[in-house]
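Novice: Okay, here's the structure, questions in a sec.
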Amino acid sequence: MNYPGLEALRADVAALSNAMCDVRMLLNRLDVQYRPDTASLAERLAAQTLQRINALLLEAYREALVPMKHSRTD
């Protein structure tokens, strides 16, 4: 994404990508902490939810790494 005049967009996408990376690291830590094989129903449900959120965020994170991939107009 080396288009002149889009420096602010590049900075915004980089900031978003960095924030998403931080959230993914937190989700990975929580994924280890709350296991689906625990005796507690609440923790099993939390583990299931965290795994789903992690998968969805990973998909969005990958999209953020290739910004404007499908929106080139030239």
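Following the order of the structure tokens, first chain is A, next is B, and so on, with residues numbered from 1 inside each chain and ligands from 1 in the order they appear.
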Check the DSSP output for the backbone and give back, as a ChimeraX atom specification, the residues of chain A in alpha helix (DSSP H).
Specialist: /A:7-33,41-65
Novice: Find the residues around Leu65 (chain A) up to 9 Å (only C-alpha atoms counted), leave out those fewer than 2 positions away in its own chain, and share them as a PyMOL selection string.
Specialist: chain A and resi 13-14+17+60-63+67
Novice: Would you kindly return, as number ranges by chain, each protein, DNA or RNA residue with an atom no farther than 12 Å from any atom of Asp22 (chain A), considering only C-alpha atoms and excluding same-chain residues fewer than 4 positions away?
Specialist: A: 15-18, 26-29, 54, 57-58, 61
Novice: Residues within 12 Å of Val32 (chain A), please, as a ChimeraX atom specification. Count only C-alpha atoms; anything in the same chain fewer than 6 positions from it doesn't count.
Specialist: /A:25-26,38,43-44,46-48,50-51
Novice: Quick check, in Å to one decimal: how far apart do CA of Leu56 (chain A) and CA of Tyr34 (chain A) lie?
Specialist: 18.0 Å
Novice: Considering only C-alpha atoms, can you say which of A:Val23, A:Ala42, A:Leu30, A:Ala64 comes closest to Arg10 (chain A)?
Specialist: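 Comparing A:Val23, A:Ala42, A:Leu30, A:Ala64 against Arg10 (chain A), the winner is A:Ala64.
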Novice: Report, in Å with one decimal, the straight-line distance from CA of Asp31 (chain A) to CA of Ala55 (chain A).
Specialist: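 Answer for the CA of Asp31 (chain A) to CA of Ala55 (chain A) separation: 11.4 Å.
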Novice: Report, in Å to a single decimal, how far apart CA of Ser40 (chain A) and CA of Arg52 (chain A) are.
Specialist: 18.6 Å
